[in-house]
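Participant: Let me give you the structure first, and then I'll get to my questions.
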Amino acid sequence: MSNALKDLLFKMADDALIIGHRNSEWTGIGPMLEEDLAFSSMAQDKIGHAQALYKILNDVLGEADADTLAFKREEKNFKCCQLVEQPIGEYDFSIVRQFLFDHAELIRYDMLTQSSFQPLAQLAKKVKGEIKYHVMHADTFVKLLGNGTEESKARLQTSLNYAWHLALGIFEKSEFENDLISENIFAGEEELKKRWLQKIIPIIEAASLKIPATDESKIVYGGRKGFHSEYLKPLLDEMCEVVRSDEATAEW
Amino acid sequence: MVITEITEQQIWLALENVKDPEIPVISVVDMGMITGIQLPLSDFGLRTCSITMTPTFVGCPAIDVIKKNIREEVLKLGFDEVEVKVDFETKWTSDRMKPEAKVKVEKFGLAPPVMLNDEELTEEQLNNVRCPYCQSTDTTLRSAFGSTLCRAIRFCFSCKQGFEQFKPI
């Protein structure tokens, strides 16, 4: 069972770490001060969530400490989905990604409050309250821009179309899916995806946007199994630059 | 050497001196961050205690500073060692903030969080926030994110000023 748990925790932690790093790239260059603060705050939250998940891996499942897991793993050992790896692009893409990702994240944590694995159930109760604000932020701007000008609507739709098959890759199943479900650890990616669609479709419609057509063959899988886009490696190189510069003594 | 007993009560009083670095008018006790105090008996004559705390936000960058401040303040009581542990078992919610702390927070210029009682935050609670400067409730949420993780930015239509709110969470 511990391999199934590790797989689940690593993919959640890696998603949070990588999206957190991407969010932090808006610090100082947000389109307005409030958005600069919003993405910076969400970055801080996400990296905190990643740290808490790595800590469970360390305390309960015998993995290395959080810093080692975050900064000293090879790219192929990361389990994040390819959606979170994408560069921030322009603001429309970042807000659409945040909308698609955070709704899935909120539902995932909500499901995990019922987990038979207590450390995760406890953390989920705490994290849920924080992610609600992320979702509130995303919903506000998706509706505002979708119902805004011709340009803002077109930009949002283009980003939504681009992000759609990447977002569906969030729900890539692992080989442990049935174990997680039968042990009541997590109700599974399929269930998560179902609830996610039910949640986001009415919001996309309220934003006067079209739901992109799903082509199963275009869903971007691979991330959960260590196959990543061309964007992850440069991100890791940048993120790990300080620790690699002086492995023995770097601390923060 | 006479070893006087240090009581739990003295520790609680000492903790009143440890302020939240981001809201310096309220203590970690006011915030409801302290979840336990253990005074273990030592066979070796060492006086130690262990304090558990729960952070407001999982990624709160002030955790290490708060832990350090708690340790230093409680050590002053005469302990040989003070251990401060972070636990996630007790979930911190803004409902843990004491009523008198909410008064201090408002005087500090931050709108205090409403009681959630384990319920979801409602639209009405989100809109009905009192301005800490002029007490009008004719205010609106400008951004769910402010200068620290625990704050949101609001605007008051009555006194035409921006203000911050401690987020209900």
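Simple scheme: letters A, B, ... for chains in structure tokens order, numbers from 1 for residues in each chain, numbers from 1 for ligands in the order shown.
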Can you list every residue of chain A that has an atom at most 6 Å from chain B, with its nearest atom pair and the distance in Å to one decimal, using only C-alpha atoms, ordered by chain then number, as CSV?
Facilitator:
residue,atom,partner,partner_atom,distance
A:Ala38,CA,B:Phe145,CA,5.0
A:Ser41,CA,B:Leu149,CA,5.9
A:Asp45,CA,B:Gly59,CA,5.1
A:Gly48,CA,B:Gly59,CA,3.5
A:Lys126,CA,B:Lys91,CA,5.9
A:Gly129,CA,B:Ile169,CA,5.6
Participant: Tell me, as a PDB file with C-alpha atoms, in the first residue's frame, which residues lie within 7 Å of Arg71 in chain B, counting only C-alpha atoms; anything in the same chain fewer than 6 positions away does not count.
Facilitator:
ATOM      1  CA  VAL B  82      11.832  24.148  25.396  1.00  0.00           C
ATOM      2  CA  GLU B  83      10.643  22.193  22.419  1.00  0.00           C
ATOM      3  CA  VAL B  84       8.166  23.783  20.003  1.00  0.00           C
TER       4      VAL B  84
END
Participant: Which neighbours of Gly188 in chain A fall inside 8 Å, counting only C-alpha atoms, when residues of the same chain fewer than 4 positions from it are skipped, and could you give them as a count of residues only?
Facilitator: 5
Participant: Determine, counting only C-alpha atoms, which protein, DNA and RNA residues have an atom within 10 Å of an atom of Ala138 in chain A; residues of the same chain fewer than 5 positions away are not included. Present the result as a PDB file with C-alpha atoms, in the first residue's frame.
Facilitator:
ATOM      1  CA  SER A  94      -2.329  31.825 -16.423  1.00  0.00           C
ATOM      2  CA  ILE A  95      -5.843  32.635 -15.217  1.00  0.00           C
ATOM      3  CA  VAL A  96      -7.399  29.854 -17.304  1.00  0.00           C
ATOM      4  CA  ARG A  97      -4.831  27.363 -16.053  1.00  0.00           C
ATOM      5  CA  GLN A  98      -5.434  28.486 -12.493  1.00  0.00           C
ATOM      6  CA  PHE A  99      -9.181  28.039 -12.980  1.00  0.00           C
ATOM      7  CA  LEU A 100      -8.869  24.530 -14.443  1.00  0.00           C
ATOM      8  CA  PHE A 101      -6.203  23.355 -12.022  1.00  0.00           C
ATOM      9  CA  ASP A 102      -7.549  24.801  -8.786  1.00  0.00           C
ATOM     10  CA  HIS A 103     -11.068  23.464  -9.254  1.00  0.00           C
ATOM     11  CA  LYS A 132     -11.305  28.031  -1.793  1.00  0.00           C
ATOM     12  CA  TYR A 133      -9.829  31.500  -2.084  1.00  0.00           C
ATOM     13  CA  LYS A 143     -16.366  35.510 -15.528  1.00  0.00           C
ATOM     14  CA  LEU A 144     -15.153  39.097 -15.682  1.00  0.00           C
TER      15      LEU A 144
END
Participant: Quick one: of B:Ile26, B:Ala101, B:Leu110, B:Arg47, who's nearest to Glu5 in chain B, counting only C-alpha atoms?
Facilitator: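 Distance minimum relative to Glu5 in chain B lands on B:Arg47.
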Participant: What lies within 12 Å of Met31 in chain B using only C-alpha atoms, ignoring chain neighbours under 5 positions off, as a ChimeraX atom specification?
Facilitator: /B:15-16,18-26,53-56,92-102,104-105,112-113,166
Participant: From a DSSP pass on the backbone, collect the residues of range 21-100 of chain B flagged as helix (DSSP H, G or I) and hand them back as a list in words.
Facilitator: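 The helix (DSSP H, G or I) residues within range 21-100 of chain B come out as Ile63, Asp64, Val65, Ile66, Lys67, Lys68, Asn69, Ile70, Arg71, Glu72, Glu73, Val74, Leu75, Ser94, Asp95, Arg96, Pro99 and Glu100 of chain B.
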Participant: Keeping only N, CA and C atoms, write those residues as a PDB file, in the first residue's frame.
Facilitator:
ATOM      1  N   ILE B  63       6.190  30.921  10.364  1.00  0.00           N
ATOM      2  CA  ILE B  63       6.213  29.807  11.319  1.00  0.00           C
ATOM      3  C   ILE B  63       7.540  29.699  12.077  1.00  0.00           C
ATOM      4  N   ASP B  64       8.644  29.745  11.334  1.00  0.00           N
ATOM      5  CA  ASP B  64       9.942  29.562  12.001  1.00  0.00           C
ATOM      6  C   ASP B  64      10.248  30.680  12.992  1.00  0.00           C
ATOM      7  N   VAL B  65       9.853  31.899  12.603  1.00  0.00           N
ATOM      8  CA  VAL B  65      10.082  33.041  13.503  1.00  0.00           C
ATOM      9  C   VAL B  65       9.222  32.871  14.761  1.00  0.00           C
ATOM     10  N   ILE B  66       7.982  32.462  14.585  1.00  0.00           N
ATOM     11  CA  ILE B  66       7.086  32.280  15.734  1.00  0.00           C
ATOM     12  C   ILE B  66       7.621  31.182  16.658  1.00  0.00           C
ATOM     13  N   LYS B  67       8.056  30.075  16.059  1.00  0.00           N
ATOM     14  CA  LYS B  67       8.608  28.971  16.873  1.00  0.00           C
ATOM     15  C   LYS B  67       9.798  29.457  17.702  1.00  0.00           C
ATOM     16  N   LYS B  68      10.672  30.211  17.053  1.00  0.00           N
ATOM     17  CA  LYS B  68      11.865  30.720  17.719  1.00  0.00           C
ATOM     18  C   LYS B  68      11.470  31.669  18.860  1.00  0.00           C
ATOM     19  N   ASN B  69      10.500  32.552  18.584  1.00  0.00           N
ATOM     20  CA  ASN B  69      10.073  33.514  19.602  1.00  0.00           C
ATOM     21  C   ASN B  69       9.415  32.824  20.795  1.00  0.00           C
ATOM     22  N   ILE B  70       8.638  31.782  20.527  1.00  0.00           N
ATOM     23  CA  ILE B  70       7.991  31.034  21.613  1.00  0.00           C
ATOM     24  C   ILE B  70       9.074  30.403  22.497  1.00  0.00           C
ATOM     25  N   ARG B  71      10.037  29.757  21.831  1.00  0.00           N
ATOM     26  CA  ARG B  71      11.087  29.065  22.563  1.00  0.00           C
ATOM     27  C   ARG B  71      11.851  30.039  23.462  1.00  0.00           C
ATOM     28  N   GLU B  72      12.241  31.177  22.887  1.00  0.00           N
ATOM     29  CA  GLU B  72      13.030  32.146  23.648  1.00  0.00           C
ATOM     30  C   GLU B  72      12.253  32.721  24.826  1.00  0.00           C
ATOM     31  N   GLU B  73      10.961  32.989  24.619  1.00  0.00           N
ATOM     32  CA  GLU B  73      10.150  33.591  25.677  1.00  0.00           C
ATOM     33  C   GLU B  73       9.933  32.605  26.824  1.00  0.00           C
ATOM     34  N   VAL B  74       9.660  31.354  26.479  1.00  0.00           N
ATOM     35  CA  VAL B  74       9.368  30.367  27.521  1.00  0.00           C
ATOM     36  C   VAL B  74      10.652  29.934  28.254  1.00  0.00           C
ATOM     37  N   LEU B  75      11.765  29.949  27.532  1.00  0.00           N
ATOM     38  CA  LEU B  75      13.052  29.629  28.185  1.00  0.00           C
ATOM     39  C   LEU B  75      13.339  30.584  29.348  1.00  0.00           C
ATOM     40  N   SER B  94     -10.057  30.505  11.511  1.00  0.00           N
ATOM     41  CA  SER B  94     -10.126  31.855  12.085  1.00  0.00           C
ATOM     42  C   SER B  94     -11.107  31.898  13.260  1.00  0.00           C
ATOM     43  N   ASP B  95     -11.952  30.887  13.408  1.00  0.00           N
ATOM     44  CA  ASP B  95     -12.846  30.810  14.574  1.00  0.00           C
ATOM     45  C   ASP B  95     -12.071  30.629  15.882  1.00  0.00           C
ATOM     46  N   ARG B  96     -10.827  30.181  15.774  1.00  0.00           N
ATOM     47  CA  ARG B  96     -10.025  29.989  16.993  1.00  0.00           C
ATOM     48  C   ARG B  96      -9.536  31.316  17.590  1.00  0.00           C
ATOM     49  N   PRO B  99     -12.445  36.357  20.979  1.00  0.00           N
ATOM     50  CA  PRO B  99     -13.263  37.556  20.734  1.00  0.00           C
ATOM     51  C   PRO B  99     -12.521  38.858  21.057  1.00  0.00           C
ATOM     52  N   GLU B 100     -11.773  38.859  22.173  1.00  0.00           N
ATOM     53  CA  GLU B 100     -11.057  40.098  22.524  1.00  0.00           C
ATOM     54  C   GLU B 100      -9.940  40.396  21.515  1.00  0.00           C
TER      55      GLU B 100
END
Participant: Select, from B:Leu141, B:Ile51, B:Leu46, B:Cys134, the residue with the minimum atom-to-atom distance to Ile34 in chain B, counting only C-alpha atoms.
Facilitator: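 Of all the options, B:Ile51 lies closest to Ile34 in chain B.
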Participant: Counting only C-alpha atoms, which residue out of A:Val142, A:Leu123, A:Ile47, A:Ala52 sits closest to Ile203 in chain A?
Facilitator: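 Going through A:Val142, A:Leu123, A:Ile47, A:Ala52 one by one, the smallest distance to Ile203 in chain A is for A:Val142.
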Participant: One decimal, Å: what's the distance from CA of Lys76 in chain A over to CA of Ser24 in chain A, could you say?
Facilitator: 23.0 Å
Participant: Which is closer to His134 in chain A than all the others in A:Asp36, A:Glu63, A:Asp110, A:Glu105, using only C-alpha atoms?
Facilitator: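 Residue with the minimum atom-to-atom distance to His134 in chain A: A:Glu105.
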Participant: Go through A:Leu9, A:Val242, A:Leu236, A:Ile56 and flag the residue nearest Arg224 in chain A, using only C-alpha atoms for the distances.
Facilitator: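 Once distances to Arg224 in chain A are computed over only C-alpha atoms, the minimum belongs to A:Leu9.
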Participant: From the list A:Val60, A:Met12, A:Leu232, A:Ala250, which residue is nearest Pro119 in chain A when using only C-alpha atoms?
Facilitator: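 Distance minimum relative to Pro119 in chain A lands on A:Val60.
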Participant: Could you pull the residues within 12 Å of Tyr162 in chain A, counting only C-alpha atoms, minus those fewer than 2 positions along the same chain, as a ChimeraX atom specification?
Facilitator: /A:83,86,89,92-94,96-97,100,155-160,164-168,211-214,218-220
